[in-house]
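Below: final.pdb (PDB, C-alpha atoms)
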```
MODEL        1
ATOM      1  CA  MET A   1       1.892  31.672  16.364  1.00  0.00           C
ATOM      2  CA  ASP A   2       2.437  34.571  18.756  1.00  0.00           C
ATOM      3  CA  ASP A   3       1.373  32.318  21.654  1.00  0.00           C
ATOM      4  CA  ILE A   4       4.096  29.751  20.932  1.00  0.00           C
ATOM      5  CA  ARG A   5       6.733  32.459  20.473  1.00  0.00           C
ATOM      6  CA  LYS A   6       5.723  33.943  23.820  1.00  0.00           C
ATOM      7  CA  ILE A   7       5.952  30.538  25.519  1.00  0.00           C
ATOM      8  CA  LEU A   8       9.370  29.827  23.959  1.00  0.00           C
ATOM      9  CA  GLU A   9      10.653  33.212  25.149  1.00  0.00           C
ATOM     10  CA  GLU A  10       9.115  32.769  28.600  1.00  0.00           C
ATOM     11  CA  CYS A  11      10.865  29.375  28.963  1.00  0.00           C
ATOM     12  CA  GLN A  12      14.120  30.606  27.376  1.00  0.00           C
ATOM     13  CA  ALA A  13      13.863  27.669  24.982  1.00  0.00           C
ATOM     14  CA  VAL A  14      15.436  29.329  21.918  1.00  0.00           C
ATOM     15  CA  LEU A  15      19.197  29.060  22.274  1.00  0.00           C
ATOM     16  CA  LYS A  16      21.860  30.799  20.180  1.00  0.00           C
ATOM     17  CA  GLY A  17      25.329  29.418  19.558  1.00  0.00           C
ATOM     18  CA  HIS A  18      26.824  26.563  17.482  1.00  0.00           C
ATOM     19  CA  PHE A  19      24.787  23.375  17.741  1.00  0.00           C
ATOM     20  CA  LEU A  20      24.902  19.851  16.342  1.00  0.00           C
ATOM     21  CA  LEU A  21      21.346  18.853  15.439  1.00  0.00           C
ATOM     22  CA  SER A  22      20.164  15.242  15.583  1.00  0.00           C
ATOM     23  CA  SER A  23      19.920  15.407  11.773  1.00  0.00           C
ATOM     24  CA  GLY A  24      23.709  15.854  11.631  1.00  0.00           C
ATOM     25  CA  LEU A  25      23.367  19.467  10.473  1.00  0.00           C
ATOM     26  CA  HIS A  26      24.888  22.384  12.343  1.00  0.00           C
ATOM     27  CA  SER A  27      22.881  25.476  13.320  1.00  0.00           C
ATOM     28  CA  ASP A  28      23.214  28.779  15.149  1.00  0.00           C
ATOM     29  CA  THR A  29      19.746  28.269  16.691  1.00  0.00           C
ATOM     30  CA  TYR A  30      18.496  25.415  18.875  1.00  0.00           C
ATOM     31  CA  PHE A  31      14.983  24.860  20.200  1.00  0.00           C
ATOM     32  CA  GLN A  32      15.337  23.186  23.611  1.00  0.00           C
ATOM     33  CA  MET A  33      11.755  22.048  24.098  1.00  0.00           C
ATOM     34  CA  ALA A  34      12.662  20.253  27.326  1.00  0.00           C
ATOM     35  CA  LEU A  35      12.743  23.753  28.860  1.00  0.00           C
ATOM     36  CA  VAL A  36       9.112  24.189  27.828  1.00  0.00           C
ATOM     37  CA  PHE A  37       7.990  20.818  29.178  1.00  0.00           C
ATOM     38  CA  GLN A  38       9.841  21.289  32.470  1.00  0.00           C
ATOM     39  CA  ARG A  39       7.084  23.790  33.218  1.00  0.00           C
ATOM     40  CA  PRO A  40       3.879  21.730  32.952  1.00  0.00           C
ATOM     41  CA  GLU A  41       1.659  24.773  32.438  1.00  0.00           C
ATOM     42  CA  CYS A  42       3.749  25.804  29.398  1.00  0.00           C
ATOM     43  CA  GLY A  43       3.831  22.281  27.980  1.00  0.00           C
ATOM     44  CA  GLN A  44       0.080  22.011  28.428  1.00  0.00           C
ATOM     45  CA  ARG A  45      -0.523  25.352  26.703  1.00  0.00           C
ATOM     46  CA  CYS A  46       1.580  24.294  23.698  1.00  0.00           C
ATOM     47  CA  SER A  47      -0.065  20.885  23.545  1.00  0.00           C
ATOM     48  CA  ARG A  48      -3.541  22.420  23.752  1.00  0.00           C
ATOM     49  CA  LEU A  49      -2.782  24.816  20.886  1.00  0.00           C
ATOM     50  CA  LEU A  50      -1.564  21.924  18.745  1.00  0.00           C
ATOM     51  CA  ALA A  51      -4.508  19.690  19.711  1.00  0.00           C
ATOM     52  CA  GLU A  52      -6.899  22.423  18.547  1.00  0.00           C
ATOM     53  CA  LYS A  53      -5.395  22.154  15.041  1.00  0.00           C
ATOM     54  CA  LEU A  54      -6.044  18.393  15.026  1.00  0.00           C
ATOM     55  CA  ALA A  55      -9.613  18.358  16.319  1.00  0.00           C
ATOM     56  CA  GLY A  56     -11.213  17.371  12.981  1.00  0.00           C
ATOM     57  CA  PHE A  57      -9.245  14.144  12.564  1.00  0.00           C
ATOM     58  CA  ASN A  58     -10.287  10.699  13.710  1.00  0.00           C
ATOM     59  CA  PHE A  59      -7.107   9.126  15.092  1.00  0.00           C
ATOM     60  CA  SER A  60      -7.132   6.241  17.538  1.00  0.00           C
ATOM     61  CA  ALA A  61      -3.502   6.516  18.669  1.00  0.00           C
ATOM     62  CA  VAL A  62      -0.645   9.001  18.813  1.00  0.00           C
ATOM     63  CA  ILE A  63       3.022   8.033  18.749  1.00  0.00           C
ATOM     64  CA  GLY A  64       6.206  10.058  18.994  1.00  0.00           C
ATOM     65  CA  PRO A  65       9.878   9.149  18.822  1.00  0.00           C
ATOM     66  CA  ALA A  66      11.825   9.004  22.056  1.00  0.00           C
ATOM     67  CA  LEU A  67      12.935  11.358  23.440  1.00  0.00           C
ATOM     68  CA  GLY A  68      11.414  14.519  22.004  1.00  0.00           C
ATOM     69  CA  GLY A  69       7.993  13.074  21.219  1.00  0.00           C
ATOM     70  CA  ILE A  70       7.284  11.280  24.500  1.00  0.00           C
ATOM     71  CA  ILE A  71       5.693  14.075  26.529  1.00  0.00           C
ATOM     72  CA  LEU A  72       3.980  15.622  23.517  1.00  0.00           C
ATOM     73  CA  ALA A  73       2.443  12.242  22.558  1.00  0.00           C
ATOM     74  CA  TYR A  74       1.165  11.839  26.104  1.00  0.00           C
ATOM     75  CA  GLU A  75      -0.348  15.330  26.193  1.00  0.00           C
ATOM     76  CA  LEU A  76      -1.938  15.053  22.745  1.00  0.00           C
ATOM     77  CA  GLY A  77      -3.316  11.640  23.697  1.00  0.00           C
ATOM     78  CA  ARG A  78      -4.800  13.102  26.873  1.00  0.00           C
ATOM     79  CA  LEU A  79      -6.312  16.101  25.105  1.00  0.00           C
ATOM     80  CA  LEU A  80      -7.653  14.194  22.084  1.00  0.00           C
ATOM     81  CA  GLY A  81      -8.727  11.048  23.936  1.00  0.00           C
ATOM     82  CA  LEU A  82      -6.217   8.787  22.162  1.00  0.00           C
ATOM     83  CA  ARG A  83      -3.903   5.981  23.206  1.00  0.00           C
ATOM     84  CA  ALA A  84      -0.455   7.528  23.591  1.00  0.00           C
ATOM     85  CA  MET A  85       2.830   5.736  23.040  1.00  0.00           C
ATOM     86  CA  PHE A  86       6.391   6.280  21.957  1.00  0.00           C
ATOM     87  CA  ALA A  87       8.864   4.534  19.694  1.00  0.00           C
ATOM     88  CA  GLU A  88      12.454   4.022  20.743  1.00  0.00           C
ATOM     89  CA  ARG A  89      15.562   2.752  19.056  1.00  0.00           C
ATOM     90  CA  GLU A  90      16.551  -0.832  19.652  1.00  0.00           C
ATOM     91  CA  ALA A  91      19.824  -1.793  17.964  1.00  0.00           C
ATOM     92  CA  GLY A  92      19.540   1.473  15.991  1.00  0.00           C
ATOM     93  CA  VAL A  93      16.021   0.787  14.650  1.00  0.00           C
ATOM     94  CA  MET A  94      12.784   2.434  15.790  1.00  0.00           C
ATOM     95  CA  SER A  95      10.736  -0.138  17.671  1.00  0.00           C
ATOM     96  CA  LEU A  96       7.602  -0.499  19.735  1.00  0.00           C
ATOM     97  CA  ARG A  97       8.574  -1.800  23.160  1.00  0.00           C
ATOM     98  CA  ARG A  98       7.095  -1.812  26.667  1.00  0.00           C
ATOM     99  CA  GLY A  99       3.927  -3.585  25.537  1.00  0.00           C
ATOM    100  CA  PHE A 100       2.904  -0.912  22.998  1.00  0.00           C
ATOM    101  CA  SER A 101       1.124  -2.218  19.914  1.00  0.00           C
ATOM    102  CA  LEU A 102      -0.767  -0.966  16.889  1.00  0.00           C
ATOM    103  CA  LYS A 103      -3.712  -2.610  15.176  1.00  0.00           C
ATOM    104  CA  PRO A 104      -3.875  -3.183  11.404  1.00  0.00           C
ATOM    105  CA  GLY A 105      -5.695  -0.304   9.728  1.00  0.00           C
ATOM    106  CA  GLU A 106      -5.593   1.871  12.849  1.00  0.00           C
ATOM    107  CA  PRO A 107      -5.380   5.638  12.058  1.00  0.00           C
ATOM    108  CA  VAL A 108      -2.302   7.063  13.799  1.00  0.00           C
ATOM    109  CA  LEU A 109      -1.046  10.577  14.517  1.00  0.00           C
ATOM    110  CA  ILE A 110       2.737  10.952  14.674  1.00  0.00           C
ATOM    111  CA  CYS A 111       4.161  13.763  16.759  1.00  0.00           C
ATOM    112  CA  GLU A 112       7.567  15.288  17.491  1.00  0.00           C
ATOM    113  CA  ASP A 113       8.676  18.352  19.416  1.00  0.00           C
ATOM    114  CA  VAL A 114      10.928  19.844  16.691  1.00  0.00           C
ATOM    115  CA  ILE A 115      11.215  18.735  13.058  1.00  0.00           C
ATOM    116  CA  THR A 116      14.258  19.687  10.999  1.00  0.00           C
ATOM    117  CA  THR A 117      14.722  17.075   8.261  1.00  0.00           C
ATOM    118  CA  GLY A 118      11.988  14.762   9.525  1.00  0.00           C
ATOM    119  CA  GLY A 119      14.370  11.820   9.916  1.00  0.00           C
ATOM    120  CA  SER A 120      12.953  10.509  13.202  1.00  0.00           C
ATOM    121  CA  VAL A 121       9.382  11.085  12.053  1.00  0.00           C
ATOM    122  CA  LYS A 122      10.047   9.118   8.842  1.00  0.00           C
ATOM    123  CA  GLU A 123      11.419   6.255  10.930  1.00  0.00           C
ATOM    124  CA  VAL A 124       8.269   6.274  13.060  1.00  0.00           C
ATOM    125  CA  MET A 125       6.084   6.393   9.929  1.00  0.00           C
ATOM    126  CA  GLU A 126       7.912   3.307   8.649  1.00  0.00           C
ATOM    127  CA  LEU A 127       7.390   1.580  12.005  1.00  0.00           C
ATOM    128  CA  VAL A 128       3.652   2.372  11.967  1.00  0.00           C
ATOM    129  CA  ARG A 129       3.349   0.958   8.444  1.00  0.00           C
ATOM    130  CA  LYS A 130       5.363  -2.122   9.442  1.00  0.00           C
ATOM    131  CA  HIS A 131       2.623  -2.804  12.002  1.00  0.00           C
ATOM    132  CA  GLN A 132       0.031  -2.348   9.196  1.00  0.00           C
ATOM    133  CA  ALA A 133      -1.419   0.736  10.873  1.00  0.00           C
ATOM    134  CA  CYS A 134      -2.049   3.956   8.910  1.00  0.00           C
ATOM    135  CA  PRO A 135      -0.078   7.126   9.591  1.00  0.00           C
ATOM    136  CA  GLU A 136      -2.569   9.906   8.865  1.00  0.00           C
ATOM    137  CA  ALA A 137      -0.829  13.142   9.906  1.00  0.00           C
ATOM    138  CA  VAL A 138       2.209  14.589  11.656  1.00  0.00           C
ATOM    139  CA  ALA A 139       2.145  17.253  14.354  1.00  0.00           C
ATOM    140  CA  CYS A 140       5.023  19.201  15.873  1.00  0.00           C
ATOM    141  CA  LEU A 141       5.562  22.243  18.007  1.00  0.00           C
ATOM    142  CA  VAL A 142       8.352  23.739  15.869  1.00  0.00           C
ATOM    143  CA  GLN A 143       9.070  23.087  12.204  1.00  0.00           C
ATOM    144  CA  ARG A 144      12.529  24.271  11.135  1.00  0.00           C
ATOM    145  CA  GLY A 145      12.144  25.070   7.419  1.00  0.00           C
ATOM    146  CA  GLN A 146      10.360  23.023   4.771  1.00  0.00           C
ATOM    147  CA  VAL A 147      10.086  19.245   4.852  1.00  0.00           C
ATOM    148  CA  ASP A 148       7.828  16.971   2.811  1.00  0.00           C
ATOM    149  CA  LEU A 149       6.719  13.945   4.807  1.00  0.00           C
ATOM    150  CA  GLY A 150       3.978  12.895   2.399  1.00  0.00           C
ATOM    151  CA  LEU A 151       1.345  13.506   5.109  1.00  0.00           C
ATOM    152  CA  PRO A 152      -0.440  16.589   6.393  1.00  0.00           C
ATOM    153  CA  LEU A 153       1.955  18.402   8.751  1.00  0.00           C
ATOM    154  CA  PHE A 154       0.639  20.617  11.540  1.00  0.00           C
ATOM    155  CA  SER A 155       2.973  22.864  13.502  1.00  0.00           C
ATOM    156  CA  LEU A 156       2.602  25.706  15.950  1.00  0.00           C
ATOM    157  CA  LEU A 157       5.636  27.543  14.640  1.00  0.00           C
ATOM    158  CA  GLN A 158       7.345  27.289  11.275  1.00  0.00           C
ATOM    159  CA  VAL A 159      10.688  29.057  11.183  1.00  0.00           C
ATOM    160  CA  LYS A 160      13.595  29.287   8.818  1.00  0.00           C
ATOM    161  CA  VAL A 161      16.841  29.208  10.740  1.00  0.00           C
ATOM    162  CA  ASN A 162      20.395  28.839   9.549  1.00  0.00           C
ATOM    163  CA  GLN A 163      21.524  25.244   9.258  1.00  0.00           C
ATOM    164  CA  TYR A 164      24.624  23.932   7.569  1.00  0.00           C
ATOM    165  CA  ARG A 165      26.225  20.698   6.459  1.00  0.00           C
ATOM    166  CA  PRO A 166      29.282  20.220   8.689  1.00  0.00           C
ATOM    167  CA  GLU A 167      31.775  20.655   5.832  1.00  0.00           C
ATOM    168  CA  GLU A 168      30.191  24.018   4.909  1.00  0.00           C
ATOM    169  CA  CYS A 169      29.530  25.380   8.410  1.00  0.00           C
ATOM    170  CA  PRO A 170      30.798  28.957   8.858  1.00  0.00           C
ATOM    171  CA  LEU A 171      30.608  28.522  12.644  1.00  0.00           C
ATOM    172  CA  CYS A 172      33.106  25.650  12.418  1.00  0.00           C
ATOM    173  CA  GLN A 173      35.306  27.783  10.155  1.00  0.00           C
ATOM    174  CA  GLN A 174      35.240  30.505  12.848  1.00  0.00           C
ATOM    175  CA  GLY A 175      36.420  27.938  15.379  1.00  0.00           C
ATOM    176  CA  LEU A 176      33.309  28.147  17.568  1.00  0.00           C
ATOM    177  CA  ALA A 177      32.824  25.149  19.859  1.00  0.00           C
ATOM    178  CA  LEU A 178      30.167  22.716  18.672  1.00  0.00           C
ATOM    179  CA  VAL A 179      27.530  21.827  21.280  1.00  0.00           C
ATOM    180  CA  LYS A 180      25.378  18.674  21.089  1.00  0.00           C
ATOM    181  CA  LEU A 181      22.170  19.017  23.117  1.00  0.00           C
ATOM    182  CA  GLY A 182      19.954  16.435  21.382  1.00  0.00           C
ATOM    183  CA  SER A 183      19.088  12.972  22.615  1.00  0.00           C
ATOM    184  CA  ARG A 184      21.000  10.938  20.054  1.00  0.00           C
ATOM    185  CA  GLY A 185      24.079  10.864  17.877  1.00  0.00           C
ATOM    186  CA  LEU A 186      24.369  10.931  14.131  1.00  0.00           C
ATOM    187  CA  ARG A 187      22.822   8.282  11.946  1.00  0.00           C
TER     188      ARG A 187
ENDMDL
END
```
How does this structure look as structure tokens?
Amino acid sequence: MDDIRKILEECQAVLKGHFLLSSGLHSDTYFQMALVFQRPECGQRCSRLLAEKLAGFNFSAVIGPALGGIILAYELGRLLGLRAMFAEREAGVMSLRRGFSLKPGEPVLICEDVITTGGSVKEVMELVRKHQACPEAVACLVQRGQVDLGLPLFSLLQVKVNQYRPEECPLCQQGLALVKLGSRGLR
């Protein structure tokens, strides 16, 4: 855990302010993992630490949601010797595109850079099941609070940070500007 905190600090990836999360919640803390992956040596270190936690599993593929899970899926695939792919939204629904496919019964690892409510991960789990493959576990770099995905969840850092429903957000009540850094809008 100290390793990931050190990497996040080194990459200045923990931001403070008033942020709109992809879950629709507001928060005073944002984990900008793109700042970690812009430095390949830092992204590789994080991915290696996470891969070490997954070494006992027998997955055949890893999939992450676009955008946050793309690089992590690639790195975990490389480190664990798995096929790596990503899901992306097509007409608002998570889809496999670009020739990606899953085989019935195939054991799949789902990954994401940061999990807050697990919304994107749940959509990818549904997609994997739709293709009759078997989601076996979820891996992330940062887990913001508790979330039950119904699968084993492996993270490098589990933190409790302030997050608020928009109508109850004290940062909004203070008039602080809301910043949206994520890759998508609200559901």
- Query: Which residue out of A:His26, A:Arg165, A:Lys103, A:Lys53 has the minimum interatomic distance to Cys134 in chain A when only C-alpha atoms are used?
  - Reply: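 The answer is A:Lys103, which sits nearest to Cys134 in chain A.
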- In Å to one decimal, how far is CA of Lys6 in chain A from CA of Met85 in chain A?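 Result for CA of Met85 in chain A versus CA of Lys6 in chain A: 28.4 Å, one decimal.
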- Long-range neighbours of range 140-147 of chain A as a count of residues only, 7 Å cut-off, all atoms listed in the file, 4 positions minimum in chain: 16
- Which of A:Ala51, A:Val124, A:Met33, A:Ala66 sits closest to Leu79 in chain A [using all atoms listed in the file]: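 Checking each of A:Ala51, A:Val124, A:Met33, A:Ala66 against Leu79 in chain A, counting all atoms listed in the file, the winner is A:Ala51.
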- Query: Hey, can you check how far CA of Gly43 in chain A sits from CA of Arg5 in chain A?
  - Reply: 13.0 Å
- Kindly indicate which residue among A:Pro65, A:Gly105, A:Ser95, A:Thr29 lies nearest to Gly17 in chain A, using only C-alpha atoms for the distances.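 Checking each candidate against Gly17 in chain A, we get A:Thr29 as the closest.
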- Task: Evaluate the PyMOL selection byres ((chain A and resi 68) around 12) here and jot the selected residues down as a ChimeraX atom specification.
- Result: /A:22,31-37,63-67,69-74,86-88,110-115,120-121,140-142,181-184
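Atom pair CA of Gly81 in chain A / CA of Val108 in chain A has a distance of 12.6 Å (rounded to one decimal).
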- Message: Since I can't run it myself right now, could you work out what the PyMOL selection byres ((chain A and resi 80) around 10) selects here and report it as a list of chain:residue names?
- Response: A:Arg48, A:Ala51, A:Glu52, A:Leu54, A:Ala55, A:Phe57, A:Asn58, A:Phe59, A:Ser60, A:Ala61, A:Val62, A:Tyr74, A:Glu75, A:Leu76, A:Gly77, A:Arg78, A:Leu79, A:Gly81, A:Leu82, A:Arg83, A:Ala84
- Which of these residues is nearest to Leu102 in chain A, using only C-alpha atoms: A:Arg89, A:Pro135, A:Glu123, A:Ile7?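 Of A:Arg89, A:Pro135, A:Glu123, A:Ile7, the one nearest Leu102 in chain A, counting only C-alpha atoms, is A:Pro135.
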- Residues matched by the PyMOL selection byres ((chain A and resi 151) around 7) as a PyMOL selection string: chain A and resi 136-138+149-150+152-153
- Neighbour residues at most 9 Å from (27.1, 18.0, 5.4) (all atoms listed in the file) as a ChimeraX atom specification: /A:24-26,164-169
Could the residues in this selection be saved with C-alpha atoms as a compact mmCIF listing (two decimals), keeping the file's coordinate frame?
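So selection_0.txt came out as:
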```txt
# COMPACT_ATOMS: atom_id res chain seq x y z
CA GLY A 24 23.71 15.85 11.63
CA LEU A 25 23.37 19.47 10.47
CA HIS A 26 24.89 22.38 12.34
CA TYR A 164 24.62 23.93 7.57
CA ARG A 165 26.22 20.70 6.46
CA PRO A 166 29.28 20.22 8.69
CA GLU A 167 31.78 20.66 5.83
CA GLU A 168 30.19 24.02 4.91
CA CYS A 169 29.53 25.38 8.41
```
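Nearest to Ala13 in chain A of all the residues A:Ser101, A:Ser27, A:Gln173, A:Gln38 is A:Gln38, counting all atoms listed in the file.
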- Item | Minimum-distance residue to Ser23 in chain A, chosen among A:Gln132, A:Gln174, A:Gln44, A:Gln163 (using only C-alpha atoms) | A:Gln163
Would you give the centre and edge lengths, in Å to one decimal, of a box along x, y and z around the listed atoms of range 4-18 of chain A, with 3 Å added to each side, as JSON?
```
{"center_x": 15.5, "center_y": 30.3, "center_z": 23.2, "size_x": 28.7, "size_y": 13.4, "size_z": 17.5}
```
Restrict the output to range 108-132 of chain A and N, CA and C atoms, then write it as a PDB file, in the first residue's frame.
```pdb
ATOM      1  N   VAL A 108     -12.645 -14.795 -16.955  1.00  0.00           N
ATOM      2  CA  VAL A 108     -12.250 -13.431 -17.300  1.00  0.00           C
ATOM      3  C   VAL A 108     -11.986 -12.603 -16.042  1.00  0.00           C
ATOM      4  N   LEU A 109     -10.919 -11.828 -16.097  1.00  0.00           N
ATOM      5  CA  LEU A 109     -10.592 -10.821 -15.091  1.00  0.00           C
ATOM      6  C   LEU A 109     -11.088  -9.476 -15.620  1.00  0.00           C
ATOM      7  N   ILE A 110     -11.770  -8.726 -14.775  1.00  0.00           N
ATOM      8  CA  ILE A 110     -12.218  -7.381 -15.136  1.00  0.00           C
ATOM      9  C   ILE A 110     -11.367  -6.400 -14.351  1.00  0.00           C
ATOM     10  N   CYS A 111     -10.903  -5.354 -15.032  1.00  0.00           N
ATOM     11  CA  CYS A 111     -10.061  -4.384 -14.338  1.00  0.00           C
ATOM     12  C   CYS A 111     -10.530  -2.960 -14.620  1.00  0.00           C
ATOM     13  N   GLU A 112     -10.176  -2.062 -13.709  1.00  0.00           N
ATOM     14  CA  GLU A 112     -10.508  -0.643 -13.823  1.00  0.00           C
ATOM     15  C   GLU A 112      -9.458   0.126 -13.040  1.00  0.00           C
ATOM     16  N   ASP A 113      -9.179   1.358 -13.438  1.00  0.00           N
ATOM     17  CA  ASP A 113      -8.171   2.118 -12.708  1.00  0.00           C
ATOM     18  C   ASP A 113      -8.670   2.523 -11.325  1.00  0.00           C
ATOM     19  N   VAL A 114      -9.856   3.149 -11.260  1.00  0.00           N
ATOM     20  CA  VAL A 114     -10.437   3.598  -9.988  1.00  0.00           C
ATOM     21  C   VAL A 114     -11.884   3.122  -9.930  1.00  0.00           C
ATOM     22  N   ILE A 115     -12.276   2.542  -8.800  1.00  0.00           N
ATOM     23  CA  ILE A 115     -13.663   2.120  -8.602  1.00  0.00           C
ATOM     24  C   ILE A 115     -14.261   2.946  -7.480  1.00  0.00           C
ATOM     25  N   THR A 116     -15.396   3.580  -7.778  1.00  0.00           N
ATOM     26  CA  THR A 116     -16.148   4.326  -6.769  1.00  0.00           C
ATOM     27  C   THR A 116     -17.424   3.556  -6.440  1.00  0.00           C
ATOM     28  N   THR A 117     -18.382   3.544  -7.336  1.00  0.00           N
ATOM     29  CA  THR A 117     -19.617   2.783  -7.125  1.00  0.00           C
ATOM     30  C   THR A 117     -19.570   1.445  -7.844  1.00  0.00           C
ATOM     31  N   GLY A 118     -18.650   1.292  -8.769  1.00  0.00           N
ATOM     32  CA  GLY A 118     -18.536   0.061  -9.542  1.00  0.00           C
ATOM     33  C   GLY A 118     -19.455   0.018 -10.748  1.00  0.00           C
ATOM     34  N   GLY A 119     -20.036   1.152 -11.116  1.00  0.00           N
ATOM     35  CA  GLY A 119     -20.986   1.184 -12.228  1.00  0.00           C
ATOM     36  C   GLY A 119     -20.419   0.657 -13.534  1.00  0.00           C
ATOM     37  N   SER A 120     -19.267   1.145 -13.946  1.00  0.00           N
ATOM     38  CA  SER A 120     -18.665   0.691 -15.209  1.00  0.00           C
ATOM     39  C   SER A 120     -18.273  -0.769 -15.132  1.00  0.00           C
ATOM     40  N   VAL A 121     -17.745  -1.182 -13.991  1.00  0.00           N
ATOM     41  CA  VAL A 121     -17.346  -2.585 -13.817  1.00  0.00           C
ATOM     42  C   VAL A 121     -18.570  -3.492 -13.917  1.00  0.00           C
ATOM     43  N   LYS A 122     -19.687  -3.092 -13.315  1.00  0.00           N
ATOM     44  CA  LYS A 122     -20.912  -3.895 -13.388  1.00  0.00           C
ATOM     45  C   LYS A 122     -21.392  -4.010 -14.834  1.00  0.00           C
ATOM     46  N   GLU A 123     -21.257  -2.940 -15.593  1.00  0.00           N
ATOM     47  CA  GLU A 123     -21.635  -2.992 -17.008  1.00  0.00           C
ATOM     48  C   GLU A 123     -20.742  -3.972 -17.775  1.00  0.00           C
ATOM     49  N   VAL A 124     -19.459  -3.981 -17.459  1.00  0.00           N
ATOM     50  CA  VAL A 124     -18.548  -4.913 -18.123  1.00  0.00           C
ATOM     51  C   VAL A 124     -18.848  -6.345 -17.678  1.00  0.00           C
ATOM     52  N   MET A 125     -19.163  -6.547 -16.415  1.00  0.00           N
ATOM     53  CA  MET A 125     -19.539  -7.885 -15.938  1.00  0.00           C
ATOM     54  C   MET A 125     -20.750  -8.400 -16.716  1.00  0.00           C
ATOM     55  N   GLU A 126     -21.732  -7.532 -16.908  1.00  0.00           N
ATOM     56  CA  GLU A 126     -22.937  -7.899 -17.658  1.00  0.00           C
ATOM     57  C   GLU A 126     -22.571  -8.252 -19.105  1.00  0.00           C
ATOM     58  N   LEU A 127     -21.688  -7.484 -19.698  1.00  0.00           N
ATOM     59  CA  LEU A 127     -21.236  -7.749 -21.065  1.00  0.00           C
ATOM     60  C   LEU A 127     -20.537  -9.115 -21.157  1.00  0.00           C
ATOM     61  N   VAL A 128     -19.665  -9.402 -20.206  1.00  0.00           N
ATOM     62  CA  VAL A 128     -18.953 -10.684 -20.188  1.00  0.00           C
ATOM     63  C   VAL A 128     -19.958 -11.834 -20.094  1.00  0.00           C
ATOM     64  N   ARG A 129     -20.936 -11.688 -19.226  1.00  0.00           N
ATOM     65  CA  ARG A 129     -21.958 -12.739 -19.072  1.00  0.00           C
ATOM     66  C   ARG A 129     -22.817 -12.866 -20.331  1.00  0.00           C
ATOM     67  N   LYS A 130     -23.096 -11.742 -20.974  1.00  0.00           N
ATOM     68  CA  LYS A 130     -23.873 -11.760 -22.220  1.00  0.00           C
ATOM     69  C   LYS A 130     -23.167 -12.606 -23.281  1.00  0.00           C
ATOM     70  N   HIS A 131     -21.848 -12.625 -23.247  1.00  0.00           N
ATOM     71  CA  HIS A 131     -21.057 -13.426 -24.175  1.00  0.00           C
ATOM     72  C   HIS A 131     -20.803 -14.834 -23.627  1.00  0.00           C
ATOM     73  N   GLN A 132     -21.501 -15.191 -22.543  1.00  0.00           N
ATOM     74  CA  GLN A 132     -21.443 -16.508 -21.906  1.00  0.00           C
ATOM     75  C   GLN A 132     -20.065 -16.846 -21.344  1.00  0.00           C
TER      76      GLN A 132
END
```
